[in-house]
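This report concerns only the one structure given below.
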Amino acid sequence: MSSRRNFIQQSMLLGTLPVTQWDLDRQKKAAPIVISTWDFGKYANQAAWEVIANKGTALDAVEAGVKVTELDANNQSVGYGGLPDRDGAVTLDACIMDHEYRCGSVAALENIVHAISVARAVMEKTPHVMLVGPGALQFALENGFKTSNLLTPASEKAWKEWLKNAKYEPVKNIENQLYQPQNSKVLPGSRDNHDTIGMIALDQHHNLSGACTTSGMAFKLKGRVGDSPIIGAGLYVDNEIGAATATGVGEEVIRIVGSHLVVELMRQGLTPQKACIAAVERVVKRNPARAKDIQVGFIAINRKGEYGAFALHDGFTYSVKTAKEELVLQSDFYFKK
Ligand code: GLY
């Protein structure tokens, strides 16, 4: 039996679709569209879609969408309930970008749930792009954001457990059982993974926007900032071409300015899928040994509403919402067994 038939049969036995092939063969095109990282993106997409369906802007949609994830205490990699740094403080990174190259970002923000809304306020109310740490908090307070304790008992417990060994090692995908796939097109055999939420959307006015928000690497060094709040790394939007966002170990995404790279590759004529593949290949080329041990994933859309995704390793999922469908898909990946 050919290995491909074997793969399909095994997938069917596991109750999974041969999505790698299915993804590539499928006409992945729709507008308006909302797409976000990971299976939990499905719930964020629903909130974003409410905005889009009511003829709202992609900018409002992506903010509303990722706020759902920021508020979800069960999601230990974004917003409230995020895993803290090694000193026990939950610090948030977020950025937002619209169709006119306007962008705003916050890094190492503490005690404010909706980092994405602070990032949007930076974009709309200041001449700057990025505010960090105490300055970002001061700005948030001056603009009416309320403080709260973001460290939930579950995350505090995980941190105390981690302190016993205090091993500082990123893992490929943080697995948990919090999000059970519900959509029939989900791969029931897939792992549930956790990381940054990045969301990109194309609205009914043919405008693109994106948002990206995270509590960053669990138990990170104090002051560590990943790719998520860095325009061009964690997120990039060019309304003439498309948009991309990233998830995974931010250091490797920053090194290749990943999301900007994906958009520039689309500018050169690559489909979103091929652009994501090329960006992941760049991560591997830069440091093949490192790439074997970590996860990085990209999602992208272009102005036509075509979309794609690719990751270093198995286990990366992404969520798609259009007028016709709501999907959670298994991303194709580089390191095949
Ligand atoms: N991609 C999230 C981070 O590295 O912080």
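We name chains A, B, ... following the order of the structure tokens; residues begin at 1 in each chain, and ligands are numbered from 1 as shown.
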
Next item on the list: Write out as a list in words each polymer residue whose atoms come within 9 Å of Phe335 in chain A, counting only C-alpha atoms; drop sequence neighbours fewer than 6 positions from it.
Entry: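 Using only C-alpha atoms, the neighbours found are Lys292, Ala311, Leu312, His313 and Asp314 of chain A.
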
Keeping N, CA, C and O atoms for every residue in the selection just given, could you write it to a file as a PDB file, in the first residue's frame?
```pdb
ATOM      1  N   LYS A 292      14.065  22.000  15.351  1.00  0.00           N
ATOM      2  CA  LYS A 292      13.551  20.653  15.681  1.00  0.00           C
ATOM      3  C   LYS A 292      12.872  20.628  17.044  1.00  0.00           C
ATOM      4  O   LYS A 292      11.997  19.815  17.296  1.00  0.00           O
ATOM      5  N   ALA A 311       3.346  25.259   9.917  1.00  0.00           N
ATOM      6  CA  ALA A 311       4.065  25.250  11.199  1.00  0.00           C
ATOM      7  C   ALA A 311       5.313  24.382  11.079  1.00  0.00           C
ATOM      8  O   ALA A 311       5.455  23.595  10.130  1.00  0.00           O
ATOM      9  N   LEU A 312       6.174  24.510  12.065  1.00  0.00           N
ATOM     10  CA  LEU A 312       7.347  23.631  12.100  1.00  0.00           C
ATOM     11  C   LEU A 312       6.928  22.191  12.363  1.00  0.00           C
ATOM     12  O   LEU A 312       7.440  21.260  11.746  1.00  0.00           O
ATOM     13  N   HIS A 313       6.013  22.021  13.323  1.00  0.00           N
ATOM     14  CA  HIS A 313       5.685  20.677  13.806  1.00  0.00           C
ATOM     15  C   HIS A 313       4.187  20.418  13.773  1.00  0.00           C
ATOM     16  O   HIS A 313       3.376  21.358  13.763  1.00  0.00           O
ATOM     17  N   ASP A 314       3.869  19.158  13.848  1.00  0.00           N
ATOM     18  CA  ASP A 314       2.494  18.701  14.004  1.00  0.00           C
ATOM     19  C   ASP A 314       1.881  19.357  15.243  1.00  0.00           C
ATOM     20  O   ASP A 314       2.581  19.682  16.197  1.00  0.00           O
TER      21      ASP A 314
END
```

Check: Counting only C-alpha atoms and all ligand atoms, what residues are within 6 Å of ligand 1, given as a VMD selection string?
Finding: chain A and resid 196 216 to 217 226 to 228 247 to 250

Just to be explicit: take each residue in the selection above, keep all heavy atoms, and write the result as a compact mmCIF listing (two decimals), in the first residue's frame.
```txt
# COMPACT_ATOMS: atom_id res chain seq x y z
N THR A 196 -0.12 31.90 21.83
CA THR A 196 -0.62 33.20 21.41
C THR A 196 -1.88 33.11 20.57
O THR A 196 -1.98 32.23 19.72
CB THR A 196 0.45 33.85 20.51
OG1 THR A 196 1.69 33.77 21.17
CG2 THR A 196 0.10 35.26 20.13
N GLY A 216 2.82 35.45 26.74
CA GLY A 216 4.21 35.11 26.40
C GLY A 216 4.63 33.77 26.94
O GLY A 216 3.84 32.97 27.42
N MET A 217 5.89 33.52 26.83
CA MET A 217 6.44 32.24 27.25
C MET A 217 6.24 32.05 28.76
O MET A 217 6.52 32.96 29.55
CB MET A 217 7.93 32.22 26.92
CG MET A 217 8.54 30.86 26.98
SD MET A 217 10.27 30.99 26.49
CE MET A 217 10.10 31.18 24.73
N GLY A 226 8.34 38.75 23.64
CA GLY A 226 8.39 37.88 22.46
C GLY A 226 8.04 38.63 21.19
O GLY A 226 8.14 39.86 21.11
N ASP A 227 7.58 37.89 20.21
CA ASP A 227 7.26 38.47 18.90
C ASP A 227 5.90 39.17 18.88
O ASP A 227 5.66 40.05 18.06
CB ASP A 227 7.24 37.37 17.84
CG ASP A 227 6.21 36.29 18.16
OD1 ASP A 227 6.14 35.84 19.33
OD2 ASP A 227 5.45 35.90 17.25
N SER A 228 5.00 38.75 19.78
CA SER A 228 3.59 39.15 19.65
C SER A 228 3.33 40.65 19.64
O SER A 228 2.43 41.10 18.94
CB SER A 228 2.76 38.48 20.74
OG SER A 228 2.89 37.09 20.62
N THR A 247 2.60 32.43 15.79
CA THR A 247 2.49 31.84 17.12
C THR A 247 3.71 30.96 17.34
O THR A 247 4.41 30.60 16.39
CB THR A 247 1.18 31.02 17.23
OG1 THR A 247 1.05 30.52 18.56
CG2 THR A 247 1.15 29.86 16.27
N GLY A 248 3.98 30.64 18.58
CA GLY A 248 5.13 29.79 18.87
C GLY A 248 6.24 30.57 19.55
O GLY A 248 5.99 31.64 20.13
N VAL A 249 7.43 30.04 19.48
CA VAL A 249 8.56 30.65 20.21
C VAL A 249 8.97 31.95 19.52
O VAL A 249 9.55 31.97 18.43
CB VAL A 249 9.74 29.66 20.30
CG1 VAL A 249 10.95 30.34 20.94
CG2 VAL A 249 9.32 28.45 21.13
N GLY A 250 8.66 33.05 20.21
CA GLY A 250 8.76 34.37 19.61
C GLY A 250 10.15 34.76 19.16
O GLY A 250 10.32 35.49 18.19
```

Next item on the list: Have a look at A:Asp93, A:Glu240, A:Asp39, A:Glu281 and name the one nearest to Val106 in chain A; count only C-alpha atoms.
Entry: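 Using only C-alpha atoms, the shortest distance to Val106 in chain A belongs to A:Asp93.
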
Note to self: Give me the residues near Met266 in chain A as a ChimeraX atom specification, where near means some atom within 8 Å (using only C-alpha atoms) and where sequence neighbours in that chain fewer than 4 positions away do not count.
What the structure shows: /A:241-242,262,270-272,275,302

Using only C-alpha atoms, which residues of range 60-85 of chain A come within 8 Å of range 108-126 of chain A, and what is the closest atom pair for each, with the distance in Å to one decimal? Give it as a tab-separated table, sorted by chain and residue number.
```
residue	atom	partner	partner_atom	distance
A:Glu63	CA	A:Ile116	CA	6.6
A:Val66	CA	A:Ile116	CA	7.6
A:Lys67	CA	A:His114	CA	6.3
A:Glu70	CA	A:His114	CA	6.2
A:Leu71	CA	A:Val113	CA	6.7
A:Gly79	CA	A:Val113	CA	5.5
A:Tyr80	CA	A:Val113	CA	5.6
```

Output of the above residues as a PDB file, in the first residue's frame, restricted to N, CA, C and O atoms:
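And here is the file that came out, part04.pdb:
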```pdb
ATOM      1  N   GLU A  63     -10.279  43.224  17.393  1.00  0.00           N
ATOM      2  CA  GLU A  63     -10.185  43.594  18.816  1.00  0.00           C
ATOM      3  C   GLU A  63     -11.238  42.818  19.628  1.00  0.00           C
ATOM      4  O   GLU A  63     -10.924  42.201  20.656  1.00  0.00           O
ATOM      5  N   VAL A  66     -10.209  38.903  19.886  1.00  0.00           N
ATOM      6  CA  VAL A  66      -9.154  38.425  20.799  1.00  0.00           C
ATOM      7  C   VAL A  66      -9.455  38.787  22.257  1.00  0.00           C
ATOM      8  O   VAL A  66      -8.907  38.172  23.170  1.00  0.00           O
ATOM      9  N   LYS A  67     -10.361  39.750  22.464  1.00  0.00           N
ATOM     10  CA  LYS A  67     -10.760  40.063  23.854  1.00  0.00           C
ATOM     11  C   LYS A  67     -11.435  38.854  24.513  1.00  0.00           C
ATOM     12  O   LYS A  67     -11.340  38.671  25.732  1.00  0.00           O
ATOM     13  N   GLU A  70      -8.604  36.857  25.761  1.00  0.00           N
ATOM     14  CA  GLU A  70      -7.943  37.546  26.887  1.00  0.00           C
ATOM     15  C   GLU A  70      -8.711  37.375  28.195  1.00  0.00           C
ATOM     16  O   GLU A  70      -8.118  37.350  29.271  1.00  0.00           O
ATOM     17  N   LEU A  71     -10.014  37.255  28.085  1.00  0.00           N
ATOM     18  CA  LEU A  71     -10.851  37.180  29.285  1.00  0.00           C
ATOM     19  C   LEU A  71     -11.049  35.748  29.767  1.00  0.00           C
ATOM     20  O   LEU A  71     -11.625  35.519  30.831  1.00  0.00           O
ATOM     21  N   GLY A  79      -3.768  36.751  28.294  1.00  0.00           N
ATOM     22  CA  GLY A  79      -4.595  37.577  29.165  1.00  0.00           C
ATOM     23  C   GLY A  79      -4.791  37.032  30.571  1.00  0.00           C
ATOM     24  O   GLY A  79      -3.871  36.465  31.191  1.00  0.00           O
ATOM     25  N   TYR A  80      -6.015  37.212  31.079  1.00  0.00           N
ATOM     26  CA  TYR A  80      -6.375  36.766  32.429  1.00  0.00           C
ATOM     27  C   TYR A  80      -6.159  35.257  32.543  1.00  0.00           C
ATOM     28  O   TYR A  80      -6.618  34.487  31.695  1.00  0.00           O
TER      29      TYR A  80
END
```

Next item on the list: For each of A:Ala58, A:Ala140, A:Val132, A:Ala218, take the minimum atom-to-atom distance to Asn239 in chain A, counting only C-alpha atoms, then give the residue where this is smallest.
Entry: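 Answer, going by the shortest atom-to-atom distance: A:Ala58.
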
Checklist line | Gly234 in chain A environment, 8 Å, only C-alpha atoms, sequence neighbours closer than 2 positions dropped, as a list in words | finding: Gly198, Cys212, Asp227, Ser228, Pro229, Ile230, Ile231, Gly232, Tyr236, Thr245, Ala246, Thr247, Gly250, Val253, Ile254, Val257, Gly258 and Ser259 of chain A

Let me see the file: selected residues, N, CA and C atoms, as a PDB file, in the first residue's frame.
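As written to disk, selection-v9.pdb reads:
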```pdb
ATOM      1  N   GLY A 198      -3.352  35.003  17.505  1.00  0.00           N
ATOM      2  CA  GLY A 198      -3.199  35.992  16.448  1.00  0.00           C
ATOM      3  C   GLY A 198      -4.441  35.895  15.587  1.00  0.00           C
ATOM      4  N   CYS A 212      -2.906  40.624  17.863  1.00  0.00           N
ATOM      5  CA  CYS A 212      -2.109  39.515  18.396  1.00  0.00           C
ATOM      6  C   CYS A 212      -1.908  39.775  19.891  1.00  0.00           C
ATOM      7  N   ASP A 227       7.585  37.885  20.209  1.00  0.00           N
ATOM      8  CA  ASP A 227       7.257  38.467  18.901  1.00  0.00           C
ATOM      9  C   ASP A 227       5.899  39.168  18.880  1.00  0.00           C
ATOM     10  N   SER A 228       5.000  38.754  19.784  1.00  0.00           N
ATOM     11  CA  SER A 228       3.593  39.153  19.652  1.00  0.00           C
ATOM     12  C   SER A 228       3.327  40.653  19.636  1.00  0.00           C
ATOM     13  N   PRO A 229       4.080  41.476  20.397  1.00  0.00           N
ATOM     14  CA  PRO A 229       3.788  42.915  20.336  1.00  0.00           C
ATOM     15  C   PRO A 229       4.640  43.637  19.291  1.00  0.00           C
ATOM     16  N   ILE A 230       5.449  42.873  18.551  1.00  0.00           N
ATOM     17  CA  ILE A 230       6.389  43.528  17.626  1.00  0.00           C
ATOM     18  C   ILE A 230       5.806  43.508  16.220  1.00  0.00           C
ATOM     19  N   ILE A 231       5.464  44.708  15.751  1.00  0.00           N
ATOM     20  CA  ILE A 231       4.875  44.838  14.422  1.00  0.00           C
ATOM     21  C   ILE A 231       5.898  44.330  13.401  1.00  0.00           C
ATOM     22  N   GLY A 232       5.458  43.420  12.553  1.00  0.00           N
ATOM     23  CA  GLY A 232       6.357  42.810  11.561  1.00  0.00           C
ATOM     24  C   GLY A 232       6.760  41.414  11.988  1.00  0.00           C
ATOM     25  N   TYR A 236       1.564  41.450  10.877  1.00  0.00           N
ATOM     26  CA  TYR A 236       1.746  42.509   9.885  1.00  0.00           C
ATOM     27  C   TYR A 236       0.553  42.546   8.951  1.00  0.00           C
ATOM     28  N   THR A 245       0.054  36.552  10.811  1.00  0.00           N
ATOM     29  CA  THR A 245       0.356  36.585  12.237  1.00  0.00           C
ATOM     30  C   THR A 245       1.019  35.270  12.628  1.00  0.00           C
ATOM     31  N   ALA A 246       1.692  35.297  13.788  1.00  0.00           N
ATOM     32  CA  ALA A 246       2.544  34.164  14.158  1.00  0.00           C
ATOM     33  C   ALA A 246       2.206  33.653  15.546  1.00  0.00           C
ATOM     34  N   THR A 247       2.596  32.426  15.791  1.00  0.00           N
ATOM     35  CA  THR A 247       2.487  31.837  17.117  1.00  0.00           C
ATOM     36  C   THR A 247       3.714  30.956  17.336  1.00  0.00           C
ATOM     37  N   GLY A 250       8.656  33.052  20.210  1.00  0.00           N
ATOM     38  CA  GLY A 250       8.755  34.368  19.607  1.00  0.00           C
ATOM     39  C   GLY A 250      10.155  34.756  19.164  1.00  0.00           C
ATOM     40  N   VAL A 253      10.677  33.861  15.656  1.00  0.00           N
ATOM     41  CA  VAL A 253       9.846  34.662  14.752  1.00  0.00           C
ATOM     42  C   VAL A 253      10.461  36.054  14.575  1.00  0.00           C
ATOM     43  N   ILE A 254      10.963  36.604  15.685  1.00  0.00           N
ATOM     44  CA  ILE A 254      11.587  37.935  15.610  1.00  0.00           C
ATOM     45  C   ILE A 254      12.807  37.889  14.682  1.00  0.00           C
ATOM     46  N   VAL A 257      11.727  38.253  11.297  1.00  0.00           N
ATOM     47  CA  VAL A 257      10.632  39.236  11.126  1.00  0.00           C
ATOM     48  C   VAL A 257       9.483  38.538  10.375  1.00  0.00           C
ATOM     49  N   GLY A 258       8.999  37.467  11.008  1.00  0.00           N
ATOM     50  CA  GLY A 258       8.187  36.464  10.323  1.00  0.00           C
ATOM     51  C   GLY A 258       6.931  36.948   9.622  1.00  0.00           C
ATOM     52  N   SER A 259       6.097  37.733  10.298  1.00  0.00           N
ATOM     53  CA  SER A 259       4.822  38.096   9.676  1.00  0.00           C
ATOM     54  C   SER A 259       5.035  39.051   8.500  1.00  0.00           C
TER      55      SER A 259
END
```

Determine, counting only C-alpha atoms, which protein, DNA and RNA residues have an atom within 8 Å of an atom of Ile52 in chain A; residues of the same chain fewer than 2 positions away are not included. Present the result as a PDB file with N, CA and C atoms, in the first residue's frame.
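Output (selection.pdb):
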```
ATOM      1  N   PRO A  32     -16.127  38.252   3.241  1.00  0.00           N
ATOM      2  CA  PRO A  32     -15.209  38.503   4.354  1.00  0.00           C
ATOM      3  C   PRO A  32     -14.793  37.211   5.062  1.00  0.00           C
ATOM      4  N   ALA A  48     -15.648  38.044  16.639  1.00  0.00           N
ATOM      5  CA  ALA A  48     -15.208  38.892  15.528  1.00  0.00           C
ATOM      6  C   ALA A  48     -16.253  38.884  14.408  1.00  0.00           C
ATOM      7  N   TRP A  49     -16.818  37.705  14.169  1.00  0.00           N
ATOM      8  CA  TRP A  49     -17.786  37.580  13.078  1.00  0.00           C
ATOM      9  C   TRP A  49     -19.041  38.416  13.322  1.00  0.00           C
ATOM     10  N   GLU A  50     -19.458  38.502  14.578  1.00  0.00           N
ATOM     11  CA  GLU A  50     -20.607  39.365  14.936  1.00  0.00           C
ATOM     12  C   GLU A  50     -20.393  40.771  14.387  1.00  0.00           C
ATOM     13  N   ASN A  54     -22.220  42.445  10.872  1.00  0.00           N
ATOM     14  CA  ASN A  54     -23.008  43.686  11.001  1.00  0.00           C
ATOM     15  C   ASN A  54     -22.337  44.852  10.289  1.00  0.00           C
ATOM     16  N   LYS A  55     -21.541  44.510   9.299  1.00  0.00           N
ATOM     17  CA  LYS A  55     -20.849  45.497   8.452  1.00  0.00           C
ATOM     18  C   LYS A  55     -19.852  46.367   9.229  1.00  0.00           C
ATOM     19  N   GLY A  56     -19.386  45.830  10.358  1.00  0.00           N
ATOM     20  CA  GLY A  56     -18.362  46.529  11.125  1.00  0.00           C
ATOM     21  C   GLY A  56     -17.001  46.392  10.445  1.00  0.00           C
ATOM     22  N   THR A  57     -16.025  47.055  11.040  1.00  0.00           N
ATOM     23  CA  THR A  57     -14.687  47.047  10.440  1.00  0.00           C
ATOM     24  C   THR A  57     -13.879  45.843  10.928  1.00  0.00           C
ATOM     25  N   ALA A  58     -12.915  45.470  10.106  1.00  0.00           N
ATOM     26  CA  ALA A  58     -12.007  44.383  10.504  1.00  0.00           C
ATOM     27  C   ALA A  58     -11.264  44.770  11.781  1.00  0.00           C
ATOM     28  N   ALA A  61     -13.454  44.145  14.609  1.00  0.00           N
ATOM     29  CA  ALA A  61     -13.671  42.692  14.694  1.00  0.00           C
ATOM     30  C   ALA A  61     -12.504  42.000  15.394  1.00  0.00           C
ATOM     31  N   ASP A 203     -12.759  42.513   5.980  1.00  0.00           N
ATOM     32  CA  ASP A 203     -14.164  42.867   6.213  1.00  0.00           C
ATOM     33  C   ASP A 203     -14.932  43.107   4.910  1.00  0.00           C
ATOM     34  N   GLN A 204     -16.203  43.486   5.045  1.00  0.00           N
ATOM     35  CA  GLN A 204     -17.057  43.694   3.874  1.00  0.00           C
ATOM     36  C   GLN A 204     -16.667  44.949   3.105  1.00  0.00           C
TER      37      GLN A 204
END
```

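DSSP annotation of range 264-322 of chain A from backbone atoms: strand (DSSP E) residues are Val296, Gly297, Phe298, Ile299, Ala300, Ile301, Asn302, Tyr307, Gly308, Ala309, Phe310, Ala311, Thr317, Tyr318, Ser319, Val320, Lys321 and Thr322 of chain A.
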
Would you save the residues from that selection as a PDB file, in the first residue's frame, using N, CA and C atoms?
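Contents of part23.pdb, freshly written:
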```pdb
ATOM      1  N   VAL A 296       6.814  26.857  15.823  1.00  0.00           N
ATOM      2  CA  VAL A 296       6.479  28.165  15.250  1.00  0.00           C
ATOM      3  C   VAL A 296       5.412  27.907  14.197  1.00  0.00           C
ATOM      4  N   GLY A 297       4.401  28.740  14.158  1.00  0.00           N
ATOM      5  CA  GLY A 297       3.372  28.609  13.127  1.00  0.00           C
ATOM      6  C   GLY A 297       2.948  29.971  12.609  1.00  0.00           C
ATOM      7  N   PHE A 298       2.551  30.009  11.340  1.00  0.00           N
ATOM      8  CA  PHE A 298       2.040  31.244  10.736  1.00  0.00           C
ATOM      9  C   PHE A 298       0.676  30.988  10.118  1.00  0.00           C
ATOM     10  N   ILE A 299      -0.178  32.016  10.152  1.00  0.00           N
ATOM     11  CA  ILE A 299      -1.391  32.009   9.339  1.00  0.00           C
ATOM     12  C   ILE A 299      -1.374  33.280   8.492  1.00  0.00           C
ATOM     13  N   ALA A 300      -2.026  33.225   7.332  1.00  0.00           N
ATOM     14  CA  ALA A 300      -2.021  34.399   6.441  1.00  0.00           C
ATOM     15  C   ALA A 300      -3.285  34.438   5.606  1.00  0.00           C
ATOM     16  N   ILE A 301      -3.687  35.648   5.232  1.00  0.00           N
ATOM     17  CA  ILE A 301      -4.728  35.824   4.213  1.00  0.00           C
ATOM     18  C   ILE A 301      -4.272  36.879   3.220  1.00  0.00           C
ATOM     19  N   ASN A 302      -4.808  36.801   1.996  1.00  0.00           N
ATOM     20  CA  ASN A 302      -4.528  37.873   1.046  1.00  0.00           C
ATOM     21  C   ASN A 302      -5.809  38.655   0.767  1.00  0.00           C
ATOM     22  N   TYR A 307      -6.536  31.916   2.095  1.00  0.00           N
ATOM     23  CA  TYR A 307      -5.809  31.817   3.362  1.00  0.00           C
ATOM     24  C   TYR A 307      -4.914  30.585   3.400  1.00  0.00           C
ATOM     25  N   GLY A 308      -3.996  30.594   4.352  1.00  0.00           N
ATOM     26  CA  GLY A 308      -3.096  29.451   4.490  1.00  0.00           C
ATOM     27  C   GLY A 308      -2.472  29.436   5.871  1.00  0.00           C
ATOM     28  N   ALA A 309      -1.817  28.337   6.185  1.00  0.00           N
ATOM     29  CA  ALA A 309      -1.136  28.190   7.477  1.00  0.00           C
ATOM     30  C   ALA A 309      -0.040  27.141   7.335  1.00  0.00           C
ATOM     31  N   PHE A 310       0.986  27.266   8.134  1.00  0.00           N
ATOM     32  CA  PHE A 310       2.049  26.266   8.125  1.00  0.00           C
ATOM     33  C   PHE A 310       2.816  26.391   9.436  1.00  0.00           C
ATOM     34  N   ALA A 311       3.346  25.259   9.917  1.00  0.00           N
ATOM     35  CA  ALA A 311       4.065  25.250  11.199  1.00  0.00           C
ATOM     36  C   ALA A 311       5.313  24.382  11.079  1.00  0.00           C
ATOM     37  N   THR A 317      -3.052  24.136  15.190  1.00  0.00           N
ATOM     38  CA  THR A 317      -4.391  24.243  14.605  1.00  0.00           C
ATOM     39  C   THR A 317      -4.723  25.717  14.378  1.00  0.00           C
ATOM     40  N   TYR A 318      -5.658  25.954  13.472  1.00  0.00           N
ATOM     41  CA  TYR A 318      -6.114  27.330  13.257  1.00  0.00           C
ATOM     42  C   TYR A 318      -7.603  27.321  12.934  1.00  0.00           C
ATOM     43  N   SER A 319      -8.233  28.461  13.203  1.00  0.00           N
ATOM     44  CA  SER A 319      -9.694  28.536  13.114  1.00  0.00           C
ATOM     45  C   SER A 319     -10.096  29.547  12.055  1.00  0.00           C
ATOM     46  N   VAL A 320     -11.111  29.180  11.288  1.00  0.00           N
ATOM     47  CA  VAL A 320     -11.548  30.002  10.158  1.00  0.00           C
ATOM     48  C   VAL A 320     -13.054  30.236  10.250  1.00  0.00           C
ATOM     49  N   LYS A 321     -13.475  31.475  10.011  1.00  0.00           N
ATOM     50  CA  LYS A 321     -14.920  31.765   9.985  1.00  0.00           C
ATOM     51  C   LYS A 321     -15.225  32.596   8.742  1.00  0.00           C
ATOM     52  N   THR A 322     -16.166  32.100   7.970  1.00  0.00           N
ATOM     53  CA  THR A 322     -16.677  32.851   6.828  1.00  0.00           C
ATOM     54  C   THR A 322     -18.202  32.824   6.915  1.00  0.00           C
TER      55      THR A 322
END
```
